[in-house]
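The file model_34.cif comes next; it holds mmCIF, C-alpha atoms.
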```
data_run
loop_
_atom_site.group_PDB
_atom_site.id
_atom_site.type_symbol
_atom_site.label_atom_id
_atom_site.label_comp_id
_atom_site.auth_asym_id
_atom_site.auth_seq_id
_atom_site.Cartn_x
_atom_site.Cartn_y
_atom_site.Cartn_z
ATOM 1 C CA VAL A 1 28.110 15.285 19.661
ATOM 2 C CA GLU A 2 27.944 18.432 21.796
ATOM 3 C CA ALA A 3 26.406 20.489 18.965
ATOM 4 C CA LEU A 4 23.842 17.782 18.182
ATOM 5 C CA ALA A 5 22.993 17.481 21.865
ATOM 6 C CA ARG A 6 22.163 21.189 21.979
ATOM 7 C CA LEU A 7 20.037 20.970 18.825
ATOM 8 C CA THR A 8 18.028 18.022 20.154
ATOM 9 C CA ASP A 9 17.826 19.229 23.757
ATOM 10 C CA LEU A 10 19.610 16.116 25.028
ATOM 11 C CA THR A 11 22.538 15.678 27.354
ATOM 12 C CA PRO A 12 25.779 14.827 25.544
ATOM 13 C CA GLU A 13 25.635 11.309 26.976
ATOM 14 C CA ALA A 14 22.058 10.789 25.732
ATOM 15 C CA ALA A 15 22.950 12.210 22.309
ATOM 16 C CA ARG A 16 26.003 9.935 22.127
ATOM 17 C CA ARG A 17 23.847 6.901 22.967
ATOM 18 C CA LEU A 18 21.312 7.878 20.284
ATOM 19 C CA LEU A 19 23.960 8.534 17.638
ATOM 20 C CA ARG A 20 25.780 5.264 18.290
ATOM 21 C CA ALA A 21 22.468 3.416 17.954
ATOM 22 C CA ALA A 22 21.731 5.280 14.712
ATOM 23 C CA ALA A 23 25.205 4.429 13.402
ATOM 24 C CA SER A 24 24.634 0.744 14.112
ATOM 25 C CA LEU A 25 21.506 0.920 11.915
ATOM 26 C CA GLY A 26 23.280 2.665 9.044
ATOM 27 C CA LEU A 27 21.407 5.948 9.521
ATOM 28 C CA VAL A 28 24.518 7.969 10.370
ATOM 29 C CA ARG A 29 28.247 7.367 10.156
ATOM 30 C CA LEU A 30 30.867 8.059 12.840
ATOM 31 C CA MET A 31 33.571 10.399 11.552
ATOM 32 C CA PRO A 32 36.941 11.345 13.108
ATOM 33 C CA GLY A 33 36.752 13.587 16.152
ATOM 34 C CA GLU A 34 33.412 12.150 17.322
ATOM 35 C CA ARG A 35 31.588 13.856 14.473
ATOM 36 C CA TYR A 36 28.623 12.247 12.727
ATOM 37 C CA ALA A 37 27.370 12.482 9.146
ATOM 38 C CA LEU A 38 24.297 11.078 7.426
ATOM 39 C CA ASP A 39 24.827 7.620 5.975
ATOM 40 C CA ASP A 40 23.039 6.369 2.856
ATOM 41 C CA LEU A 41 20.007 5.006 4.708
ATOM 42 C CA GLY A 42 19.546 8.177 6.752
ATOM 43 C CA ALA A 43 19.804 10.343 3.646
ATOM 44 C CA SER A 44 17.258 8.227 1.754
ATOM 45 C CA MET A 45 14.823 8.461 4.667
ATOM 46 C CA ILE A 46 15.083 12.260 4.736
ATOM 47 C CA ALA A 47 14.562 12.349 0.949
ATOM 48 C CA ASN A 48 11.289 10.378 1.261
ATOM 49 C CA PRO A 49 8.850 12.128 3.619
ATOM 50 C CA SER A 50 6.452 9.175 3.463
ATOM 51 C CA VAL A 51 8.989 7.140 5.449
ATOM 52 C CA ALA A 52 8.778 9.568 8.362
ATOM 53 C CA ALA A 53 4.980 9.461 8.151
ATOM 54 C CA PHE A 54 4.986 5.683 8.468
ATOM 55 C CA ILE A 55 7.498 5.752 11.323
ATOM 56 C CA ALA A 56 5.114 7.994 13.240
ATOM 57 C CA HIS A 57 2.180 5.785 12.230
ATOM 58 C CA HIS A 58 3.933 2.691 13.575
ATOM 59 C CA ALA A 59 3.378 3.885 17.139
ATOM 60 C CA LEU A 60 -0.026 2.213 16.695
ATOM 61 C CA LEU A 61 1.560 -1.083 15.670
ATOM 62 C CA TYR A 62 4.048 -1.023 18.556
ATOM 63 C CA ASP A 63 1.173 -0.475 20.966
ATOM 64 C CA ASP A 64 -0.698 -3.455 19.481
ATOM 65 C CA LEU A 65 2.449 -5.593 19.881
ATOM 66 C CA ARG A 66 2.808 -4.981 23.626
ATOM 67 C CA ASP A 67 1.367 -8.469 24.164
ATOM 68 C CA PRO A 68 2.076 -10.380 20.930
ATOM 69 C CA VAL A 69 0.680 -13.632 22.344
ATOM 70 C CA ALA A 70 -2.668 -11.967 23.058
ATOM 71 C CA LEU A 71 -2.579 -10.503 19.537
ATOM 72 C CA LEU A 72 -2.016 -13.955 18.028
ATOM 73 C CA ARG A 73 -4.875 -15.354 20.116
ATOM 74 C CA GLY A 74 -7.238 -12.628 18.940
ATOM 75 C CA GLN A 75 -7.596 -11.203 22.435
ATOM 76 C CA THR A 76 -6.460 -7.634 21.633
ATOM 77 C CA GLN A 77 -8.675 -4.731 20.564
ATOM 78 C CA THR A 78 -6.052 -3.226 18.273
ATOM 79 C CA ARG A 79 -5.495 0.441 17.530
ATOM 80 C CA LEU A 80 -4.618 -0.342 13.899
ATOM 81 C CA SER A 81 -8.059 -1.843 13.257
ATOM 82 C CA GLN A 82 -9.564 1.443 14.434
ATOM 83 C CA PHE A 83 -7.200 3.522 12.259
ATOM 84 C CA TRP A 84 -8.272 1.738 9.047
ATOM 85 C CA PRO A 85 -12.031 2.434 8.890
ATOM 86 C CA TYR A 86 -12.568 -0.087 6.077
ATOM 87 C CA ALA A 87 -11.076 -2.947 8.093
ATOM 88 C CA GLY A 88 -14.552 -4.177 9.005
ATOM 89 C CA ASP A 89 -15.725 -4.163 5.391
ATOM 90 C CA ARG A 90 -16.950 -7.640 4.477
ATOM 91 C CA PRO A 91 -19.198 -8.836 1.647
ATOM 92 C CA GLU A 92 -21.730 -10.014 4.215
ATOM 93 C CA SER A 93 -21.723 -6.741 6.198
ATOM 94 C CA PRO A 94 -24.114 -4.267 4.507
ATOM 95 C CA ALA A 95 -23.440 -1.600 7.135
ATOM 96 C CA SER A 96 -19.680 -1.845 6.875
ATOM 97 C CA GLY A 97 -17.505 0.886 5.392
ATOM 98 C CA GLN A 98 -19.913 3.548 6.642
ATOM 99 C CA ALA A 99 -17.534 5.649 8.732
ATOM 100 C CA GLN A 100 -17.965 9.407 8.477
ATOM 101 C CA PRO A 101 -15.924 11.108 5.720
ATOM 102 C CA GLU A 102 -13.516 12.661 8.211
ATOM 103 C CA GLY A 103 -12.726 9.131 9.419
ATOM 104 C CA TYR A 104 -11.062 8.401 6.082
ATOM 105 C CA ALA A 105 -8.823 11.452 5.944
ATOM 106 C CA GLY A 106 -5.983 10.053 8.059
ATOM 107 C CA TYR A 107 -5.433 6.781 6.246
ATOM 108 C CA SER A 108 -6.079 8.338 2.811
ATOM 109 C CA ALA A 109 -3.374 10.925 3.415
ATOM 110 C CA LEU A 110 -0.959 8.300 4.755
ATOM 111 C CA MET A 111 -1.449 6.043 1.740
ATOM 112 C CA ALA A 112 -1.131 8.961 -0.670
ATOM 113 C CA GLN A 113 2.209 9.970 0.868
ATOM 114 C CA SER A 114 3.683 6.524 0.247
ATOM 115 C CA GLN A 115 2.080 5.856 -3.128
ATOM 116 C CA ALA A 116 4.310 7.971 -5.375
ATOM 117 C CA LEU A 117 7.361 5.679 -5.346
ATOM 118 C CA VAL A 118 5.158 2.599 -5.632
ATOM 119 C CA ALA A 119 3.335 4.067 -8.638
ATOM 120 C CA GLN A 120 6.602 5.005 -10.329
ATOM 121 C CA ASP A 121 7.961 1.467 -10.027
ATOM 122 C CA ILE A 122 4.724 -0.182 -11.202
ATOM 123 C CA LEU A 123 4.370 2.021 -14.266
ATOM 124 C CA GLU A 124 7.996 1.398 -15.165
ATOM 125 C CA ALA A 125 7.350 -2.358 -15.015
ATOM 126 C CA TRP A 126 4.014 -2.190 -16.899
ATOM 127 C CA PRO A 127 3.550 0.997 -18.977
ATOM 128 C CA MET A 128 -0.027 2.211 -19.439
ATOM 129 C CA THR A 129 0.659 3.404 -22.981
ATOM 130 C CA ARG A 130 -0.436 -0.043 -24.181
ATOM 131 C CA HIS A 131 -3.966 0.431 -22.805
ATOM 132 C CA ARG A 132 -7.084 2.447 -23.642
ATOM 133 C CA ARG A 133 -8.906 2.689 -20.289
ATOM 134 C CA LEU A 134 -7.673 2.018 -16.748
ATOM 135 C CA LEU A 135 -9.866 1.232 -13.743
ATOM 136 C CA ASP A 136 -7.922 1.601 -10.483
ATOM 137 C CA VAL A 137 -9.835 -0.271 -7.765
ATOM 138 C CA GLY A 138 -9.177 0.914 -4.224
ATOM 139 C CA GLY A 139 -7.296 3.841 -5.739
ATOM 140 C CA GLY A 140 -7.277 6.068 -2.666
ATOM 141 C CA GLU A 141 -6.603 9.726 -3.427
ATOM 142 C CA GLY A 142 -5.567 9.057 -7.014
ATOM 143 C CA VAL A 143 -1.774 9.124 -6.863
ATOM 144 C CA PHE A 144 -1.429 6.064 -9.113
ATOM 145 C CA ILE A 145 -4.055 7.417 -11.532
ATOM 146 C CA ALA A 146 -2.259 10.770 -11.722
ATOM 147 C CA GLN A 147 1.075 9.178 -12.590
ATOM 148 C CA ALA A 148 -0.566 6.874 -15.131
ATOM 149 C CA ALA A 149 -2.159 9.948 -16.729
ATOM 150 C CA ALA A 150 1.230 11.623 -17.025
ATOM 151 C CA GLN A 151 2.779 8.535 -18.603
ATOM 152 C CA ALA A 152 -0.045 7.872 -21.090
ATOM 153 C CA PRO A 153 -1.664 11.125 -22.312
ATOM 154 C CA ASP A 154 -4.390 9.288 -24.302
ATOM 155 C CA LEU A 155 -5.434 7.006 -21.423
ATOM 156 C CA GLN A 156 -8.958 7.361 -20.022
ATOM 157 C CA MET A 157 -9.267 6.451 -16.345
ATOM 158 C CA GLN A 158 -11.698 5.545 -13.597
ATOM 159 C CA LEU A 159 -11.080 5.252 -9.873
ATOM 160 C CA PHE A 160 -13.283 3.119 -7.609
ATOM 161 C CA ASP A 161 -13.132 3.360 -3.821
ATOM 162 C CA LEU A 162 -15.388 3.882 -0.807
ATOM 163 C CA PRO A 163 -17.569 6.955 -1.413
ATOM 164 C CA PRO A 164 -15.776 9.377 0.960
ATOM 165 C CA VAL A 165 -12.397 8.345 -0.480
ATOM 166 C CA ALA A 166 -13.598 8.613 -4.083
ATOM 167 C CA ALA A 167 -14.869 12.137 -3.359
ATOM 168 C CA ARG A 168 -11.459 13.174 -2.000
ATOM 169 C CA ALA A 169 -9.782 11.621 -5.055
ATOM 170 C CA GLN A 170 -12.020 13.489 -7.500
ATOM 171 C CA GLN A 171 -11.175 16.786 -5.840
ATOM 172 C CA ALA A 172 -7.442 16.039 -5.914
ATOM 173 C CA LEU A 173 -7.470 14.924 -9.560
ATOM 174 C CA ASP A 174 -9.622 17.868 -10.633
ATOM 175 C CA ARG A 175 -7.002 20.185 -9.130
ATOM 176 C CA LEU A 176 -4.427 18.484 -11.358
ATOM 177 C CA GLY A 177 -6.479 19.305 -14.444
ATOM 178 C CA LEU A 178 -7.622 15.706 -15.028
ATOM 179 C CA ALA A 179 -11.390 16.224 -14.696
ATOM 180 C CA SER A 180 -11.991 15.395 -18.374
ATOM 181 C CA ARG A 181 -10.010 12.140 -18.204
ATOM 182 C CA VAL A 182 -10.853 10.682 -14.784
ATOM 183 C CA GLU A 183 -14.139 9.592 -13.233
ATOM 184 C CA CYS A 184 -14.089 8.696 -9.526
ATOM 185 C CA LEU A 185 -16.865 6.329 -8.460
ATOM 186 C CA GLY A 186 -17.885 5.400 -4.926
ATOM 187 C CA GLY A 187 -18.797 1.943 -3.687
ATOM 188 C CA SER A 188 -17.494 -1.158 -1.930
ATOM 189 C CA PHE A 189 -15.684 -3.551 -4.217
ATOM 190 C CA LEU A 190 -16.708 -6.396 -1.897
ATOM 191 C CA ARG A 191 -20.428 -5.726 -2.330
ATOM 192 C CA ASP A 192 -20.979 -3.601 -5.438
ATOM 193 C CA PRO A 193 -20.315 -4.541 -9.087
ATOM 194 C CA LEU A 194 -17.291 -2.860 -10.591
ATOM 195 C CA PRO A 195 -17.638 -0.455 -13.524
ATOM 196 C CA ARG A 196 -17.151 -2.059 -16.935
ATOM 197 C CA GLY A 197 -15.344 -0.782 -19.985
ATOM 198 C CA ALA A 198 -11.698 -0.794 -18.873
ATOM 199 C CA ASP A 199 -9.200 -3.010 -20.676
ATOM 200 C CA ILE A 200 -6.924 -2.995 -17.590
ATOM 201 C CA ILE A 201 -7.859 -3.036 -13.905
ATOM 202 C CA SER A 202 -5.237 -2.313 -11.261
ATOM 203 C CA LEU A 203 -5.181 -3.438 -7.623
ATOM 204 C CA VAL A 204 -2.351 -1.492 -6.001
ATOM 205 C CA ARG A 205 -1.684 -2.629 -2.417
ATOM 206 C CA ILE A 206 -5.212 -4.025 -2.137
ATOM 207 C CA VAL A 207 -5.257 -7.849 -2.268
ATOM 208 C CA HIS A 208 -2.893 -8.310 0.690
ATOM 209 C CA ASP A 209 -5.349 -6.337 2.858
ATOM 210 C CA HIS A 210 -7.899 -9.156 2.559
ATOM 211 C CA ASP A 211 -8.304 -12.721 3.720
ATOM 212 C CA ASP A 212 -8.733 -15.384 1.043
ATOM 213 C CA GLU A 213 -12.547 -15.283 0.978
ATOM 214 C CA SER A 214 -12.691 -11.529 0.418
ATOM 215 C CA ALA A 215 -9.710 -11.615 -1.974
ATOM 216 C CA LEU A 216 -11.537 -14.204 -4.102
ATOM 217 C CA ALA A 217 -14.701 -12.082 -4.101
ATOM 218 C CA LEU A 218 -12.669 -9.104 -5.279
ATOM 219 C CA LEU A 219 -10.795 -11.029 -7.991
ATOM 220 C CA ARG A 220 -14.034 -12.529 -9.301
ATOM 221 C CA ALA A 221 -15.570 -9.051 -9.447
ATOM 222 C CA VAL A 222 -12.551 -7.843 -11.434
ATOM 223 C CA HIS A 223 -12.844 -10.819 -13.785
ATOM 224 C CA ALA A 224 -16.535 -10.051 -14.377
ATOM 225 C CA ALA A 225 -15.773 -6.386 -15.129
ATOM 226 C CA LEU A 226 -13.000 -7.049 -17.673
ATOM 227 C CA PRO A 227 -13.619 -7.818 -21.351
ATOM 228 C CA SER A 228 -12.095 -10.872 -23.010
ATOM 229 C CA GLY A 229 -8.389 -10.212 -23.389
ATOM 230 C CA GLY A 230 -8.425 -7.712 -20.513
ATOM 231 C CA THR A 231 -5.530 -7.379 -18.088
ATOM 232 C CA LEU A 232 -5.399 -7.426 -14.297
ATOM 233 C CA LEU A 233 -2.397 -5.747 -12.660
ATOM 234 C CA ILE A 234 -1.679 -6.562 -9.004
ATOM 235 C CA ALA A 235 1.054 -4.637 -7.198
ATOM 236 C CA GLU A 236 1.917 -5.087 -3.535
ATOM 237 C CA PRO A 237 4.640 -6.422 -1.241
ATOM 238 C CA MET A 238 4.757 -10.193 -1.638
ATOM 239 C CA ALA A 239 5.975 -12.800 0.819
ATOM 240 C CA GLY A 240 9.170 -14.637 -0.004
ATOM 241 C CA THR A 241 10.604 -11.819 -2.131
ATOM 242 C CA PRO A 242 14.396 -12.353 -2.238
ATOM 243 C CA GLY A 243 16.098 -9.752 -0.068
ATOM 244 C CA ALA A 244 12.803 -8.619 1.480
ATOM 245 C CA GLU A 245 11.656 -11.785 3.253
ATOM 246 C CA ALA A 246 11.341 -10.028 6.609
ATOM 247 C CA ILE A 247 9.001 -7.418 5.109
ATOM 248 C CA GLY A 248 6.503 -9.978 3.814
ATOM 249 C CA ASP A 249 6.377 -12.457 6.664
ATOM 250 C CA ALA A 250 7.476 -10.556 9.788
ATOM 251 C CA TYR A 251 6.355 -6.981 9.184
ATOM 252 C CA PHE A 252 3.212 -7.529 7.100
ATOM 253 C CA GLY A 253 2.468 -10.764 8.941
ATOM 254 C CA PHE A 254 1.926 -8.881 12.192
ATOM 255 C CA TYR A 255 0.812 -5.531 10.741
ATOM 256 C CA LEU A 256 -2.104 -7.113 8.903
ATOM 257 C CA LEU A 257 -2.903 -9.285 11.915
ATOM 258 C CA ALA A 258 -3.226 -6.130 13.997
ATOM 259 C CA MET A 259 -5.261 -4.471 11.243
ATOM 260 C CA GLY A 260 -7.717 -7.334 11.537
ATOM 261 C CA ARG A 261 -7.426 -9.102 8.210
ATOM 262 C CA GLY A 262 -5.225 -9.957 5.248
ATOM 263 C CA ARG A 263 -1.733 -11.324 4.721
ATOM 264 C CA ALA A 264 1.180 -10.974 2.344
ATOM 265 C CA ARG A 265 1.094 -13.860 -0.134
ATOM 266 C CA ARG A 266 3.763 -15.568 -2.148
ATOM 267 C CA PRO A 267 3.409 -15.311 -5.947
ATOM 268 C CA GLU A 268 2.331 -18.941 -6.187
ATOM 269 C CA GLU A 269 -0.434 -18.295 -3.637
ATOM 270 C CA LEU A 270 -1.681 -15.333 -5.655
ATOM 271 C CA LYS A 271 -1.609 -17.444 -8.798
ATOM 272 C CA GLN A 272 -3.835 -20.026 -7.116
ATOM 273 C CA LEU A 273 -6.404 -17.353 -6.225
ATOM 274 C CA LEU A 274 -6.243 -15.958 -9.754
ATOM 275 C CA THR A 275 -6.755 -19.394 -11.296
ATOM 276 C CA VAL A 276 -9.828 -20.049 -9.139
ATOM 277 C CA SER A 277 -11.131 -16.606 -10.180
ATOM 278 C CA GLY A 278 -10.876 -17.478 -13.870
ATOM 279 C CA PHE A 279 -7.626 -15.751 -14.834
ATOM 280 C CA SER A 280 -4.748 -17.248 -16.803
ATOM 281 C CA GLN A 281 -1.333 -16.308 -18.196
ATOM 282 C CA MET A 282 -0.109 -15.008 -14.833
ATOM 283 C CA ARG A 283 3.419 -13.693 -14.626
ATOM 284 C CA VAL A 284 5.498 -11.764 -12.111
ATOM 285 C CA LEU A 285 7.065 -8.506 -13.290
ATOM 286 C CA ALA A 286 10.453 -7.226 -12.184
ATOM 287 C CA THR A 287 10.176 -3.958 -10.231
ATOM 288 C CA ARG A 288 12.897 -1.545 -9.175
ATOM 289 C CA ARG A 289 12.076 -1.760 -5.442
ATOM 290 C CA PRO A 290 10.312 -5.078 -4.695
ATOM 291 C CA LEU A 291 10.559 -4.245 -0.983
ATOM 292 C CA LEU A 292 7.868 -1.606 -1.671
ATOM 293 C CA ALA A 293 5.875 -3.525 -4.242
ATOM 294 C CA SER A 294 6.188 -6.526 -6.486
ATOM 295 C CA ALA A 295 3.894 -6.766 -9.503
ATOM 296 C CA MET A 296 1.971 -9.477 -11.331
ATOM 297 C CA VAL A 297 -0.256 -9.409 -14.410
ATOM 298 C CA ALA A 298 -2.958 -11.872 -15.459
ATOM 299 C CA LYS A 299 -5.309 -12.157 -18.427
ATOM 300 C CA LYS A 300 -9.017 -12.830 -18.866
ATOM 301 C CA LEU A 301 -9.356 -15.041 -21.931
#
```

Is it possible to give me this structure as C-alpha cells?
Amino acid sequence: VEALARLTDLTPEAARRLLRAAASLGLVRLMPGERYALDDLGASMIANPSVAAFIAHHALLYDDLRDPVALLRGQTQTRLSQFWPYAGDRPESPASGQAQPEGYAGYSALMAQSQALVAQDILEAWPMTRHRRLLDVGGGEGVFIAQAAAQAPDLQMQLFDLPPVAARAQQALDRLGLASRVECLGGSFLRDPLPRGADIISLVRIVHDHDDESALALLRAVHAALPSGGTLLIAEPMAGTPGAEAIGDAYFGFYLLAMGRGRARRPEELKQLLTVSGFSQMRVLATRRPLLASAMVAKKL
C-alpha cells in the first residue's frame, strides 16, 4: 500500500480505501502482507485500451445522470447529445448531420478504439468469405471493413457514413493498402439512398442508436439496396441477453436516453422491425462476447 500510495500521490489511507474498493470490484486482489495484485478483470481492462477510453468518456454520462428524474422527463440538455454530432440526424431534418468535420473526430476515434473486438467476434460468427461484396453502413473509420478485408481477400467493400466520417475512413483504409478494394461514400442513410450492388449489408452498432421510426427507415433502405437473396447482418448489444441484462436495459437504456434517441432491443423486437421492412429468415448468431455485441442475420427473398 505504501509503495502504491507514493506512485499515485495519495496518502496511505486514501490508497488503502481505493485499493479495497478496487478489490471489491474484482480489479485487484488482496495478497498477504497488505500487498495487491491485478485480478482478472483489472488485467483485461489494461489489455484493452478502448475500455479506458470509454471510462473517461463516461464522465459525460455521469454528468447527465446528476438528475435522473429530469433526464427521464426530457428536461436536461445533455452533454452526450452534444458529443454525438449525428444525434440530431432525422429523415425529416435536411440540415441535420452538418457539423464541421472536426466535430466528428472525437466520436469517430472513440468508436474505432472499441470496434476491433466487436469486429473480431462478428466475423467469427458470420465469415465474409461466403460473400462477394460488403456494404458497411455507418462504418465509422473502417475498422470492421479492415478486418473483413483481412478475413476474405477476394471481398470487395464499400463503406457508407456521413461525409466527414467517410473521408476519414477512406484515408485510414488507404493507409492500410486497401484503396483498390474499398470505396468510402458519404451521405445520410436516413435521407439518401444506399449504394446498390452488395450481396451483404452490415449494420454494426447502428440500429440501437435509433428510435423505431428511424430504424424502420434505415432497414427499408437496406432492403431496397439488397438484391434478391441478399443478406443483412445486424450486430449490437441486445436487451435481455443472458448474463448481460444490465448492459442492455440499465446501461444502454440510460446512455441512449442521454444521447437523445435509440434503445437496445430484444431479438424479438428486432425481428418485428425486420418483418415490417420486408425481411425474412431472421436468426440470432452466437457470438463470443454478447456483452459487446450480439448478431442477427436476415434475408431479402

Atomic separation - atom CA of A:Asp211 relative to atom CA of A:Gly139, Å =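 Separation of atom CA of A:Gly139 and atom CA of A:Asp211: 19.1 Å.
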
query = Taking the file as shown, what set of residues would the PyMOL selection byres ((chain A and resi 290) around 10) give back, as a PyMOL selection string?
reply = chain A and resi 118+121-122+235-238+241-244+285-289+291-295

### Task
Could you tell me which residues the PyMOL selection byres ((chain A and resi 148) around 10) returns for this structure, as a list in words?
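Evaluating the PyMOL selection byres ((chain A and resi 148) around 10) on this file yields Ala119, Gln120, Ile122, Leu123, Pro127, Met128, Thr129, Leu134, Gly142, Val143, Phe144, Ile145, Ala146, Gln147, Ala149, Ala150, Gln151, Ala152, Pro153, Leu155, Gln156 and Met157 of chain A.
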
| Which residues, written as a ChimeraX atom specification, have at least one atom at most 8 Å from A:Gly187, with all atoms listed in the file counted and residues fewer than 4 positions away on the same chain left out? | /A:160-163,191-192

So that all listed atoms of stretch 130-139 of chain A fit with 5 Å spare on each side, what axis-aligned box centre and edge lengths in Å, to one decimal, would you give as lines of an AutoDock Vina configuration file?
```
center_x = -5.2
center_y = 1.8
center_z = -14.2
size_x = 19.4
size_y = 14.1
size_z = 30.0
```

Output check: residues returned by the PyMOL selection byres ((chain A and resi 214-224) around 8), as a ChimeraX atom specification:
/A:90-91,189-190,193-194,201,207,210-213,225-227,232,273-274,276-279,300

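Distance check against A:Ala298 using all atoms listed in the file: of A:Ala239, A:Leu203, A:Ala3, A:Gly248, the minimum falls on A:Leu203.
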
- Neighbour list for A:Glu34 as a list in words, cut-off 10 Å, all atoms listed in the file, skip fewer than 4 positions in-chain: Val1, Glu2, Arg16 and Leu30 of chain A

- [ ] Using only C-alpha atoms, pick whichever of A:Leu178, A:Phe254, A:Arg133, A:Val165 has the shortest atom-to-atom distance to A:Ile200.
- [x]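 For A:Ile200, the nearest of the candidates is A:Arg133.
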
| query | atom CA of A:Gln171 to atom CA of A:Glu183: how many Å, to one decimal? | reply |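 Atom-to-atom, atom CA of A:Gln171 to atom CA of A:Glu183, that is 10.7 Å.
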
Polymer residues at most 10 Å from stretch 64-79 of chain A, only C-alpha atoms, same-chain spacing of 3 or more positions, as a count of residues only
13

For stretch 14-35 of chain A, where the input has fewer atoms than it should, I would like N, CA and C atoms rebuilt and written as a compact mmCIF listing (two decimals), keeping the file's coordinate frame.
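That gives us part.txt:
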```txt
# COMPACT_ATOMS: atom_id res chain seq x y z
N ALA A 14 23.25 11.31 26.41
CA ALA A 14 22.06 10.79 25.73
C ALA A 14 22.20 10.91 24.21
N ALA A 15 22.75 12.03 23.74
CA ALA A 15 22.95 12.21 22.31
C ALA A 15 23.94 11.19 21.78
N ARG A 16 25.00 10.93 22.54
CA ARG A 16 26.00 9.94 22.13
C ARG A 16 25.36 8.55 22.02
N ARG A 17 24.52 8.20 22.99
CA ARG A 17 23.85 6.90 22.97
C ARG A 17 22.96 6.79 21.73
N LEU A 18 22.21 7.86 21.44
CA LEU A 18 21.31 7.88 20.28
C LEU A 18 22.09 7.77 18.98
N LEU A 19 23.18 8.53 18.87
CA LEU A 19 23.96 8.53 17.64
C LEU A 19 24.66 7.20 17.40
N ARG A 20 25.15 6.58 18.46
CA ARG A 20 25.78 5.26 18.29
C ARG A 20 24.74 4.23 17.84
N ALA A 21 23.53 4.33 18.39
CA ALA A 21 22.47 3.42 17.95
C ALA A 21 22.13 3.67 16.48
N ALA A 22 22.04 4.94 16.10
CA ALA A 22 21.73 5.28 14.71
C ALA A 22 22.83 4.81 13.77
N ALA A 23 24.09 4.90 14.22
CA ALA A 23 25.20 4.43 13.40
C ALA A 23 25.14 2.92 13.20
N SER A 24 24.72 2.20 14.24
CA SER A 24 24.63 0.74 14.11
C SER A 24 23.56 0.32 13.11
N LEU A 25 22.58 1.20 12.86
CA LEU A 25 21.51 0.92 11.92
C LEU A 25 21.79 1.48 10.52
N GLY A 26 22.93 2.12 10.35
CA GLY A 26 23.28 2.66 9.04
C GLY A 26 22.61 3.98 8.73
N LEU A 27 22.05 4.65 9.74
CA LEU A 27 21.41 5.95 9.52
C LEU A 27 22.44 7.07 9.49
N VAL A 28 23.43 7.00 10.35
CA VAL A 28 24.52 7.97 10.37
C VAL A 28 25.84 7.22 10.40
N ARG A 29 26.91 7.97 10.19
CA ARG A 29 28.25 7.37 10.16
C ARG A 29 29.16 8.15 11.10
N LEU A 30 29.91 7.43 11.94
CA LEU A 30 30.87 8.06 12.84
C LEU A 30 32.09 8.52 12.06
N MET A 31 32.43 9.81 12.23
CA MET A 31 33.57 10.40 11.55
C MET A 31 34.66 10.68 12.58
N PRO A 32 35.88 11.01 12.15
CA PRO A 32 36.94 11.34 13.11
C PRO A 32 36.54 12.52 14.00
N GLY A 33 37.02 12.51 15.23
CA GLY A 33 36.75 13.59 16.15
C GLY A 33 35.35 13.53 16.74
N GLU A 34 34.77 12.36 16.81
CA GLU A 34 33.41 12.15 17.32
C GLU A 34 32.40 13.06 16.64
N ARG A 35 32.55 13.15 15.31
CA ARG A 35 31.59 13.86 14.47
C ARG A 35 30.74 12.81 13.74
```
